[in-house]
Amino acid sequence: MLNPCSNILQVDPNNDEANSFMADYHFMKNESDKAITSYQVLLNANPHHFHALSRIVEVCCRNGEIEIPDAYLA
């Protein structure tokens, strides 16, 4: 499933569904940097994406990077 999502993101980097899937995949695999990047893409495109907001807060708190979600909570 990752290869089709990667292909979609190469054509359309702002595809919410593919970005969300990839971000959740990286989140579950504990690949924090990749997950944070994917959640930031989602939140930059749609600041009201609650799932991405809750996940980026969780990932950043786990990593001690509490300054990253502050930009999306203001």
# chains A, B, ... in the order shown; residues from 1 in each chain; ligands from 1
$ residues_around --residues "A:Glu17" --least-positions-apart "6" --cutoff "10 Å" --atoms "only C-alpha atoms" --output "MDAnalysis selection string"
chainID A and resid 5 8:9 23 42
$ closest_atom_pairs --of "stretch 19-41 of chain A" --to "stretch 51-65 of chain A" --cutoff "8 Å" --atoms "only C-alpha atoms" --output "CSV"
residue,atom,partner,partner_atom,distance
A:Ser20,CA,A:Ala52,CA,7.5
A:Phe27,CA,A:Val59,CA,7.5
A:Ser32,CA,A:Val59,CA,6.4
A:Ala35,CA,A:Ile56,CA,7.8
A:Ile36,CA,A:Ile56,CA,6.0
A:Tyr39,CA,A:Ala52,CA,5.4
A:Gln40,CA,A:Ile56,CA,7.8
$ write_last_selection --atoms "C-alpha atoms" --output "PDB file, in the first residue's frame"
ATOM      1  CA  SER A  20      -2.615  10.976   6.112  1.00  0.00           C
ATOM      2  CA  PHE A  27       3.686   7.185  13.309  1.00  0.00           C
ATOM      3  CA  SER A  32       8.952  10.406  14.132  1.00  0.00           C
ATOM      4  CA  ALA A  35       5.593  11.407  10.597  1.00  0.00           C
ATOM      5  CA  ILE A  36       6.064  15.010  11.727  1.00  0.00           C
ATOM      6  CA  TYR A  39       1.538  15.850   9.525  1.00  0.00           C
ATOM      7  CA  GLN A  40       2.983  19.317   8.865  1.00  0.00           C
TER       8      GLN A  40
END
$ residues_around --residues "stretch 70-73 of chain A" --least-positions-apart "4" --cutoff "8 Å" --atoms "only C-alpha atoms" --output "mmCIF file with all heavy atoms, in the first residue's frame"
data_model
loop_
_atom_site.group_PDB
_atom_site.id
_atom_site.type_symbol
_atom_site.label_atom_id
_atom_site.label_comp_id
_atom_site.auth_asym_id
_atom_site.auth_seq_id
_atom_site.Cartn_x
_atom_site.Cartn_y
_atom_site.Cartn_z
ATOM 1 N N LEU A 43 -1.312 19.747 7.870
ATOM 2 C CA LEU A 43 -1.787 20.916 8.610
ATOM 3 C C LEU A 43 -1.556 22.216 7.856
ATOM 4 O O LEU A 43 -2.340 23.158 8.001
ATOM 5 C CB LEU A 43 -1.116 20.972 9.984
ATOM 6 C CG LEU A 43 -1.618 19.902 10.949
ATOM 7 C CD1 LEU A 43 -0.715 19.833 12.171
ATOM 8 C CD2 LEU A 43 -3.057 20.171 11.353
ATOM 9 N N PRO A 47 -5.493 23.555 8.096
ATOM 10 C CA PRO A 47 -5.219 23.775 9.516
ATOM 11 C C PRO A 47 -6.272 23.191 10.453
ATOM 12 O O PRO A 47 -6.039 23.086 11.649
ATOM 13 C CB PRO A 47 -5.173 25.293 9.655
ATOM 14 C CG PRO A 47 -5.209 25.858 8.301
ATOM 15 C CD PRO A 47 -5.617 24.792 7.352
ATOM 16 N N LEU A 53 -3.527 17.167 13.728
ATOM 17 C CA LEU A 53 -3.148 18.009 14.855
ATOM 18 C C LEU A 53 -2.924 17.176 16.109
ATOM 19 O O LEU A 53 -1.914 17.343 16.807
ATOM 20 C CB LEU A 53 -4.229 19.066 15.101
ATOM 21 C CG LEU A 53 -3.975 20.031 16.252
ATOM 22 C CD1 LEU A 53 -2.700 20.838 16.002
ATOM 23 C CD2 LEU A 53 -5.168 20.956 16.420
ATOM 24 N N ILE A 66 8.242 20.194 21.812
ATOM 25 C CA ILE A 66 6.939 20.830 22.043
ATOM 26 C C ILE A 66 6.746 22.145 21.305
ATOM 27 O O ILE A 66 5.641 22.664 21.238
ATOM 28 C CB ILE A 66 6.657 21.014 23.558
ATOM 29 C CG1 ILE A 66 7.780 21.818 24.194
ATOM 30 C CG2 ILE A 66 6.522 19.671 24.228
ATOM 31 C CD1 ILE A 66 7.501 22.196 25.638
#
$ closest_residue --among "A:Asn3, A:Asn19, A:Glu67, A:Asp12" --to "A:Thr37" --atoms "only C-alpha atoms"
A:Asn19
$ atom_distance --atom1 "atom CA of A:Asn15" --atom2 "atom CA of A:Asp33"
19.3 Å
$ atom_distance --atom1 "atom CA of A:Asp16" --atom2 "atom CA of A:Glu31"
19.2 Å
$ atom_distance --atom1 "atom CA of A:Pro4" --atom2 "atom CA of A:Ala18"
8.6 Å
